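K.L.:
Sharing a structure, written as structure tokens. Questions coming.
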Amino acid sequence: MRRAALILLAAFSGTVQAHPSGVAGFVHPFMGLDHLLAMLAVGLWAAQLGGRWAWAVPLAFVSAMAGGGALGIAGMSLPLVEPAIAVSVLVLGLLIAARVRLRASGLALVGVFALFHGAAHGIEMPPQASRLVYSGGFILATALLHAAGAGLGLLPRARLAGAPVALAGAWLLVASVQ
């Protein structure tokens, strides 16, 4: 098993070195508590909603985030990006804790949040990075975090995660406006 893992690492090491912008894009959602909590919370809340909403909510987020990323990469800025991201964590935590069942309006809500997350990803793209590879990296990471959140959402007491997420969002909001 160890030998197989070493062979795989050796086989893909050149790919990682050849596309550092993809690695940077993929790692970005994992590097900030705000992004990490929001991505997991979207998946968790979507799992609570169930049915087609379990995939529609994360898909809406990823789609709108890609658009926000394109805006950020193009140099367009949205106002109050960091406070808006903190608000997204706070609101998503509250939605989970209270088991709020927004459906179509929930798609719009996560879409707005996703624009700000995407803009932050795009603005923080390293100058030497390939736009396409970097964007693909943060989109893939986001989808994986949504899937992890959805898995957590299937646990019997998943809604209990909402309160700590909301508290973290409140803390992030205070920190972002100081």
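A note on labels: chains of the structure tokens are A, B, ... as shown, every chain counts residues from 1, and ligands are counted from 1 in their shown order.
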From chain A, collect each residue whose DSSP state is alpha helix (DSSP H) and return the set as a VMD selection string.
P.N.:
chain A and resid 2 to 18 20 to 31 33 to 49 53 to 73 81 to 97 104 to 123 131 to 153 162 to 177
K.L.:
Applying 8 Å and only C-alpha atoms, which residues near Phe138 in chain A remain after dropping the ones on its own chain fewer than 6 positions away? List them as a ChimeraX atom specification.
P.N.:
/A:22,25-29,121
K.L.:
Include C-alpha atoms and write out the residues we just selected as an mmCIF file, in the first residue's frame.
P.N.:
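Wrote out_33.cif, looks like this:
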```
data_model
loop_
_atom_site.group_PDB
_atom_site.id
_atom_site.type_symbol
_atom_site.label_atom_id
_atom_site.label_comp_id
_atom_site.auth_asym_id
_atom_site.auth_seq_id
_atom_site.Cartn_x
_atom_site.Cartn_y
_atom_site.Cartn_z
ATOM 1 C CA GLY A 22 -4.375 24.992 -9.817
ATOM 2 C CA GLY A 25 -6.860 27.760 -6.443
ATOM 3 C CA PHE A 26 -7.676 24.405 -4.884
ATOM 4 C CA VAL A 27 -6.055 25.238 -1.553
ATOM 5 C CA HIS A 28 -7.603 28.704 -1.217
ATOM 6 C CA PRO A 29 -11.038 27.582 0.108
ATOM 7 C CA HIS A 121 -11.101 34.004 -4.680
#
```
K.L.:
Smallest atom-to-atom distance to Glu82 in chain A: which of A:Ile123, A:Val100, A:Ala129, A:Ala47, using only C-alpha atoms?
P.N.:
A:Ile123
K.L.:
Have a look at CA of Ala143 in chain A and CA of Arg52 in chain A and let me know their distance in Å, one decimal.
P.N.:
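CA of Ala143 in chain A sits 16.2 Å away from CA of Arg52 in chain A.
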K.L.:
Point out the residue among A:Met39, A:Ile85, A:Ala175, A:Met125 with the least atom-to-atom distance to Phe61 in chain A, counting only C-alpha atoms.
P.N.:
A:Met39
K.L.:
Smallest atom-to-atom distance to Ser88 in chain A: which of A:Arg131, A:His146, A:His35, A:Arg159, using only C-alpha atoms?
P.N.:
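With only C-alpha atoms as the atom set, the closest residue is A:His35.
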K.L.:
Pick out the residues sitting within 12 Å of Val112 in chain A, and hand them over as a list of chain:residue names; count only C-alpha atoms, and ignore anything fewer than 4 positions along from it in its own chain.
P.N.:
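Listed by chain and then number, they are A:Val57, A:Ala60, A:Phe61, A:Val62, A:Ser63, A:Ala64, A:Met65, A:Ala66, A:Gly67, A:Gly68, A:Leu78, A:Val81, A:Ala84, A:Ile85, A:Val87, A:Ser88, A:Ser105, A:Gly106, A:Leu107, A:Ala108, A:Phe116, A:His117, A:Gly118, A:Ala119.
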K.L.:
Closest to Ala98 in chain A among A:Pro126, A:Trp45, A:Gly169, A:Leu33, using only C-alpha atoms?
P.N.:
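Looking only at the distances to Ala98 in chain A, the closest residue turns out to be A:Trp45.
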K.L.:
Name the residues in contact with Ala97 in chain A at a cut-off of 12 Å, using only C-alpha atoms, excluding same-chain residues fewer than 3 positions from it; report them as a PyMOL selection string.
P.N.:
chain A and resi 41+44-45+48+90-94+100-101+153+157-167
K.L.:
Would you write out those residues with N, CA and C atoms, as a PDB file, in the first residue's frame?
P.N.:
```
ATOM      1  N   ALA A  41     -21.086  24.583   5.363  1.00  0.00           N
ATOM      2  CA  ALA A  41     -22.448  24.924   5.773  1.00  0.00           C
ATOM      3  C   ALA A  41     -23.428  24.850   4.614  1.00  0.00           C
ATOM      4  N   LEU A  44     -24.208  21.200   4.241  1.00  0.00           N
ATOM      5  CA  LEU A  44     -24.989  20.725   5.376  1.00  0.00           C
ATOM      6  C   LEU A  44     -26.440  21.203   5.276  1.00  0.00           C
ATOM      7  N   TRP A  45     -26.623  22.490   4.976  1.00  0.00           N
ATOM      8  CA  TRP A  45     -27.976  23.034   4.868  1.00  0.00           C
ATOM      9  C   TRP A  45     -28.731  22.392   3.702  1.00  0.00           C
ATOM     10  N   GLN A  48     -30.027  19.116   4.715  1.00  0.00           N
ATOM     11  CA  GLN A  48     -31.224  19.277   5.550  1.00  0.00           C
ATOM     12  C   GLN A  48     -32.461  19.506   4.690  1.00  0.00           C
ATOM     13  N   LEU A  90     -22.522  33.476   9.157  1.00  0.00           N
ATOM     14  CA  LEU A  90     -23.492  33.707  10.221  1.00  0.00           C
ATOM     15  C   LEU A  90     -24.892  33.233   9.803  1.00  0.00           C
ATOM     16  N   VAL A  91     -25.346  33.661   8.644  1.00  0.00           N
ATOM     17  CA  VAL A  91     -26.701  33.319   8.183  1.00  0.00           C
ATOM     18  C   VAL A  91     -26.826  31.823   7.913  1.00  0.00           C
ATOM     19  N   LEU A  92     -25.833  31.236   7.265  1.00  0.00           N
ATOM     20  CA  LEU A  92     -25.906  29.794   7.000  1.00  0.00           C
ATOM     21  C   LEU A  92     -25.953  29.004   8.308  1.00  0.00           C
ATOM     22  N   GLY A  93     -25.184  29.426   9.297  1.00  0.00           N
ATOM     23  CA  GLY A  93     -25.240  28.768  10.603  1.00  0.00           C
ATOM     24  C   GLY A  93     -26.623  28.861  11.217  1.00  0.00           C
ATOM     25  N   LEU A  94     -27.239  30.038  11.122  1.00  0.00           N
ATOM     26  CA  LEU A  94     -28.591  30.210  11.662  1.00  0.00           C
ATOM     27  C   LEU A  94     -29.611  29.357  10.909  1.00  0.00           C
ATOM     28  N   VAL A 100     -34.285  26.037   8.853  1.00  0.00           N
ATOM     29  CA  VAL A 100     -35.107  26.862   7.970  1.00  0.00           C
ATOM     30  C   VAL A 100     -35.193  26.188   6.614  1.00  0.00           C
ATOM     31  N   ARG A 101     -36.393  26.131   6.043  1.00  0.00           N
ATOM     32  CA  ARG A 101     -36.630  25.370   4.819  1.00  0.00           C
ATOM     33  C   ARG A 101     -36.862  26.280   3.615  1.00  0.00           C
ATOM     34  N   GLY A 153     -24.407  16.670   7.017  1.00  0.00           N
ATOM     35  CA  GLY A 153     -25.829  16.968   7.147  1.00  0.00           C
ATOM     36  C   GLY A 153     -26.698  15.742   7.293  1.00  0.00           C
ATOM     37  N   ARG A 157     -27.807  14.600  14.374  1.00  0.00           N
ATOM     38  CA  ARG A 157     -27.848  15.872  15.097  1.00  0.00           C
ATOM     39  C   ARG A 157     -27.068  16.960  14.370  1.00  0.00           C
ATOM     40  N   ALA A 158     -27.116  16.935  13.056  1.00  0.00           N
ATOM     41  CA  ALA A 158     -26.338  17.873  12.253  1.00  0.00           C
ATOM     42  C   ALA A 158     -26.696  19.322  12.529  1.00  0.00           C
ATOM     43  N   ARG A 159     -27.949  19.575  12.862  1.00  0.00           N
ATOM     44  CA  ARG A 159     -28.353  20.970  13.075  1.00  0.00           C
ATOM     45  C   ARG A 159     -27.620  21.602  14.255  1.00  0.00           C
ATOM     46  N   LEU A 160     -27.086  20.762  15.145  1.00  0.00           N
ATOM     47  CA  LEU A 160     -26.338  21.291  16.286  1.00  0.00           C
ATOM     48  C   LEU A 160     -25.063  22.016  15.834  1.00  0.00           C
ATOM     49  N   ALA A 161     -24.611  21.731  14.634  1.00  0.00           N
ATOM     50  CA  ALA A 161     -23.433  22.419  14.104  1.00  0.00           C
ATOM     51  C   ALA A 161     -23.766  23.862  13.729  1.00  0.00           C
ATOM     52  N   GLY A 162     -25.029  24.166  13.561  1.00  0.00           N
ATOM     53  CA  GLY A 162     -25.431  25.506  13.133  1.00  0.00           C
ATOM     54  C   GLY A 162     -25.048  26.602  14.098  1.00  0.00           C
ATOM     55  N   ALA A 163     -25.243  26.375  15.382  1.00  0.00           N
ATOM     56  CA  ALA A 163     -24.944  27.420  16.370  1.00  0.00           C
ATOM     57  C   ALA A 163     -23.456  27.786  16.394  1.00  0.00           C
ATOM     58  N   PRO A 164     -22.543  26.811  16.439  1.00  0.00           N
ATOM     59  CA  PRO A 164     -21.126  27.198  16.410  1.00  0.00           C
ATOM     60  C   PRO A 164     -20.727  27.887  15.097  1.00  0.00           C
ATOM     61  N   VAL A 165     -21.322  27.460  13.990  1.00  0.00           N
ATOM     62  CA  VAL A 165     -21.033  28.110  12.709  1.00  0.00           C
ATOM     63  C   VAL A 165     -21.520  29.560  12.761  1.00  0.00           C
ATOM     64  N   ALA A 166     -22.727  29.775  13.267  1.00  0.00           N
ATOM     65  CA  ALA A 166     -23.270  31.134  13.378  1.00  0.00           C
ATOM     66  C   ALA A 166     -22.408  31.991  14.301  1.00  0.00           C
ATOM     67  N   LEU A 167     -21.964  31.435  15.417  1.00  0.00           N
ATOM     68  CA  LEU A 167     -21.094  32.186  16.333  1.00  0.00           C
ATOM     69  C   LEU A 167     -19.767  32.545  15.661  1.00  0.00           C
TER      70      LEU A 167
END
```
K.L.:
Can you work out which one of A:Asp34, A:Arg99, A:Val42, A:Glu124 has the shortest atom-to-atom distance to Ser77 in chain A, counting only C-alpha atoms?
P.N.:
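With only C-alpha atoms as the atom set, the closest residue is A:Glu124.
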K.L.:
Report, in Å to a single decimal, how far apart CA of Gly43 in chain A and CA of Leu144 in chain A are.
P.N.:
9.4 Å
K.L.:
Between A:Leu36, A:Leu95, A:Thr142, A:Leu49, which has the minimum distance to Leu109 in chain A (counting only C-alpha atoms)?
P.N.:
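Nearest to Leu109 in chain A: A:Leu95.
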K.L.:
Please, what distance in Å, to one decimal, runs between CA of Gly51 in chain A and CA of Ala114 in chain A?
P.N.:
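Distance reported for this atom pair: 21.4 Å.
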